[in-house]
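**Q** I have a structure here, written as structure tokens, and I will follow up with some questions on it.
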Amino acid sequence: MNAESMIPNHNAVTDTTINAMLQLADDNLIMGHRCSEWCGHGPILEQDIALTNIALDFVGQARNFYQYAATILQQMPNEKALALVDFDMVPEQITEDSLACLRDAGAFKNHLLVELPNGDWAQTMLKIFFFSAYRFYLFQLLQKNTDTQLAGIAEKSIKEVQYHLKWSSEWVIRLGDGTDESKNRILKAMDTLWPYAGELFGPAKYELECYQLESIAFETLRVNWLEKVNQIFEMATLPAQSFTQWHQSGGKQGIHTEYLGYILAEMQFLPRTFPNATW
Amino acid sequence: MDTTMLFAQFQKKIDQDIKIEPQDWMPDEYRKTLIRQISQHAHSEVVGMLPEGNWITRAPSLRRKAILLAKVQDEAGHGLYLYSAAETLGITRDEMYQQLHSGKAKYSSIFNYPTISWADMGAIGWLVDGAAIMNQVPLSRCSYGPYARAMVRICKEESFHQRQGFEILLTLSKGTKAQRKICQDAINRWWWPSLMMFGPTDNDSPHTAQSMLWKIKRFTNDELRQKFVDVCAEQVKFLGMTLPDKDLKWNEERQHYDFGPINWEEFWNVVKGNGPCNKERLATRVQAWEDGAWVRDAALAYEEKKAVRQYRYDAENENTKMPVS
């Protein structure tokens with residue numbers, strides 16, 4: 001595909017699209033990072049392979065979103081492009097890698113949920129389940145977006161998301177309806193993660209604009225998501241859940257947990273130590 | 001029972017290059033040798049995930065991160081085929097894990113060296129995977145069918161791994177001064193341990209003669225090592241780097257490269273558990289296994305519950321179909 005055909009057909013290529021692409025990409029990148037921490041440490045070799053594969057899917061999706069953002073930015077006058085992205089080290093060229101590695105925590109827009117530590121297998125499974133269910137319903141909507149590039153990435157990714165959702169649902173059921181210990185662990189994971197689930201359904205202005213959605217669509221998304229969660233929880237013999245008023249938030253505005261800084265310190269150290277080197 | 005006939009038939013098959021399959025009669029020693037070798041190979045793949053997995057979260061670009069993830073995932077897949085191949089000889093995967101965790105079974109000593117810079121990802125691909133391929137290509141013609149077939153698939157993936165490793169180094173070699181420095185440093189640290197991967201010299205390798213007679217092995221350790229040195233001595237020129245051996249020199253008469261003495265004291269020490277990362281690698285595997293116990297228990301308990309439910313459901317449905325007398 002040539003670069004020009006990747007530009008959205010509508011004229012209003014603004015920071016809206018860039019912000020939304022970074023939000024999607026950051027979610028994917030940090031999910032991929034956390035999942036990849038399991039590589040070589042999984043409880044069962046087959047599951048180690050499955051989780052590494054999921055990490056690879058997340059990184060792959062992150063690359064698609066970053067590359068799309070980079071392509072749009074590369075078409076603009078450099079000054080304008082740099083004004084749209086909160087780089088704290090000015091890159092020689094805006095690429096998927098400079099977007100991933102030359103922005104600091106305050107510029108990252110991922111949900112807080114994805115940056116939380118892996119915890120045990122139960123917490124990781126529940127996190128992937130929550131995130132994949134959210135992404136499944138979101139990408140169903142994004143597939144219909146008039147921005148063909150965004151719609152295309154959503155369409156391609158949803159096949160992977162479906163598998164992640166199936167795989168993690170099966171684990172939630174297995175752990176919930178397995179032994180007393182596994183049930184206790186998934187309940188504990190539930191306590192840890194639930195305060196971070198609500199943020200998934202509080203869209204930023206740039207999301208609504210770029211996704212061409214009214215806020216009611218996110219409300220529907222939330223209802224569908226909760227229904228899916230409770231359907232799986234019922235099969236897992238876990239108690240039904242509902243949303244309370246209060247939940248943690250801030251990720252989309254760049255206000256993160258303490259964990260993100262450590263993730264970025266690890267992830268970004270090489271490109272920042274050797275600026276403008278080719279790898 | 002007189003096994004002379006069976007031995008003779010077995011050796012005849014081997015001599016005719018007919019594969020031995022799991023259901024065939026085989027001498028106990030052949031079975032034992034293969035279990036030892038295949039499980040050691042499987043363990044090497046799984047322990048080998050750790051030194052490289054170490055750099056996934058720090059890979060310097062998204063492309064490199066994706067490639068490294070795929071590569072380490074391949075290693076896990078190789079472990080899986082190899083454990084399955086060993087299981088055809090009558091040992092379970094759990095038994096093999098126990099042998100690894102207790103220290104009874106070995107894995108390739110190379111993975112007891114630390115990966116301390118990004119360039120190590122390149123050096124492992126080029127040298128470690130390169131040495132592994134040298135060893136493994138002949139194994140795809142090994143007399144034991146399941147092992148030979150597993151090796152065919154593994155070798156294809158390994159050759160991709162080797163190319164990506166060389167490409168990492170090639171990129172570094174064309175990079176900044178700092179990048180060239182870590183490139184040379186990685187080659188310096190991985191070269192000699194890679195030569196040791198071929199095992200002791202033929203004089204000190206007690207199993208070689210028997211393994212060659214049984215066509216488990218097709219070449220001796222020293223033959224393969226020489227082949228590896230010859231290839232690498234040429235390839236390193238493309239990198240504009242050097243191999244850390246002042247005695248490395250083309251020998252016109254032998255039509256091979258001469259190379260310096262290997263530090264066998266270091267080799268045997270690492271084998272015995274005194275390498276820089278032996279304790280850590282094994283402890284990491286043991287911990288992953290122990291931390292995963294409750295997960296495996298839960299999966300098993302759930303499968304049992306599901307089976308009971310299915311049984312009850314079937315029984316009930318069966319009852320409703322029964323004619324009421």
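Following the order of the structure tokens, chains are lettered A, B, ..., residues in each are numbered from 1, and ligands are numbered from 1.
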For chain A, report every residue with an atom at most 7 Å from chain B (counting only C-alpha atoms), formatted as a ChimeraX atom specification.
**A** /A:33,39-43,45,49,52,56,59,97,174-175,177-179,182,266-267,270-271,277-279
**Q** If we count only C-alpha atoms, what is near Glu96 of chain A at a cut-off of 7 Å, once residues fewer than 6 positions away on the same chain are taken out, given as a CSV table (one decimal) with N, CA, C and O atoms, in the first residue's frame?
**A**
chain,number,residue,atom,x,y,z
A,63,ARG,N,1.9,-2.1,16.5
A,63,ARG,CA,2.7,-1.7,15.3
A,63,ARG,C,1.8,-1.1,14.2
A,63,ARG,O,2.1,-0.1,13.6
A,66,TYR,N,0.6,2.4,15.5
A,66,TYR,CA,1.7,3.3,15.5
A,66,TYR,C,2.1,3.7,14.0
A,66,TYR,O,2.4,4.8,13.7
A,67,GLN,N,2.2,2.7,13.2
A,67,GLN,CA,2.6,2.9,11.8
A,67,GLN,C,1.6,3.8,11.1
A,67,GLN,O,2.0,4.7,10.3
A,70,ALA,N,2.2,7.2,12.4
A,70,ALA,CA,3.5,7.7,11.8
A,70,ALA,C,3.3,8.2,10.4
A,70,ALA,O,3.8,9.2,9.9
**Q** Would you mind listing what lies within 9 Å of Pro114 of chain B as a ChimeraX atom specification, with only C-alpha atoms counted and same-chain residues fewer than 5 positions away left out?
**A** /B:51,120,276-277
**Q** Could you turn the residues from that selection into a file that holds N, CA and C atoms, as a JSON list (two decimals), in the first residue's frame?
**A**
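Okay, selection_29.json is ready:
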[["chain", "number", "residue", "atom", "x", "y", "z"],
["B", 51, "PRO", "N", 17.60, -17.03, 28.62],
["B", 51, "PRO", "CA", 18.56, -15.96, 28.30],
["B", 51, "PRO", "C", 18.05, -14.99, 27.23],
["B", 120, "ASP", "N", 24.06, -9.66, 22.38],
["B", 120, "ASP", "CA", 24.03, -11.08, 22.69],
["B", 120, "ASP", "C", 22.89, -11.80, 21.95],
["B", 276, "PRO", "N", 28.28, -19.28, 35.20],
["B", 276, "PRO", "CA", 27.77, -18.04, 35.77],
["B", 276, "PRO", "C", 26.28, -18.07, 36.10],
["B", 277, "CYS", "N", 25.47, -18.82, 35.35],
["B", 277, "CYS", "CA", 24.02, -18.76, 35.58],
["B", 277, "CYS", "C", 23.38, -20.11, 35.89]]
**Q** Can you work out the spacing between atom CA of Asp191 of chain A and atom CA of Gln123 of chain A in Å, to one decimal?
**A**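 Separation between atom CA of Asp191 of chain A and atom CA of Gln123 of chain A: 9.8 Å.
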**Q** Within 9 Å of Glu21 of chain B, counting only C-alpha atoms, which residues show up once you throw out same-chain ones fewer than 5 positions away? Write them as a ChimeraX atom specification, please.
**A** /B:88,143-146
**Q** Neighbours of segment 200-202 of chain B within 7 Å (only C-alpha atoms; same-chain residues fewer than 3 positions away dropped), as a PyMOL selection string?
**A** chain B and resi 205+220-222
**Q** Store the residues of this selection in a file with C-alpha atoms, as a PDB file, in the first residue's frame.
**A**
ATOM      1  CA  SER B 205      33.544 -38.744  24.321  1.00  0.00           C
ATOM      2  CA  THR B 220      31.986 -36.928  15.613  1.00  0.00           C
ATOM      3  CA  ASN B 221      32.133 -33.896  17.884  1.00  0.00           C
ATOM      4  CA  ASP B 222      35.459 -32.796  16.468  1.00  0.00           C
TER       5      ASP B 222
END
**Q** Quick one: residues within 8 Å of Phe58 of chain A, only C-alpha atoms counted, chain neighbours fewer than 6 positions away excluded, as a ChimeraX atom specification?
**A** /A:28-29,31-32
**Q** Check the smallest atom-to-atom distance from each of A:Leu141, A:Lys127, A:Ser132, A:Asn230 to Glu115 of chain A using only C-alpha atoms, then report the winner.
**A**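 Closest candidate: A:Lys127.
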**Q** Where does DSSP see helix (DSSP H, G or I) in segment 93-274 of chain A, if you list the residues as a ChimeraX atom specification?
**A** /A:96-101,105-107,112-115,121-142,148-176,180-201,205-211,215-235,251-253,259-273
**Q** Check the smallest atom-to-atom distance from each of A:Pro203, A:Glu155, A:Ala81, A:Leu150 to Gln253 of chain A using only C-alpha atoms, then report the winner.
**A**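 Counting only C-alpha atoms, the residue closest to Gln253 of chain A is A:Pro203.
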**Q** Please, which residues of segment 61-305 of chain B, numbered as in this document, come out strand (DSSP E or B) from DSSP, as a list in words?
**A** Tyr144, Lys249, Trp250, Asn251, His256, Tyr257 and Asp258 of chain B
**Q** Looking at only C-alpha atoms, which of A:Asp57, A:Asp27, A:Glu209, A:Glu37 is the one that sits closest to Thr146 of chain A?
**A**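 Closest candidate: A:Glu209.
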**Q** Quick one, how far is atom CA of Tyr107 of chain B from atom CA of Ser44 of chain B?
**A** 4.6 Å
**Q** Which one is closest to Thr220 of chain A: A:Phe201, A:Pro117, A:Leu112, A:Pro195? Count only C-alpha atoms.
**A**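 Nearest candidate to Thr220 of chain A out of A:Phe201, A:Pro117, A:Leu112, A:Pro195: A:Phe201.
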**Q** Rounded to one decimal in Å, what is the spacing between atom CA of Lys217 of chain B and atom CA of Met196 of chain B?
**A**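 Interatomic distance here is 17.2 Å.
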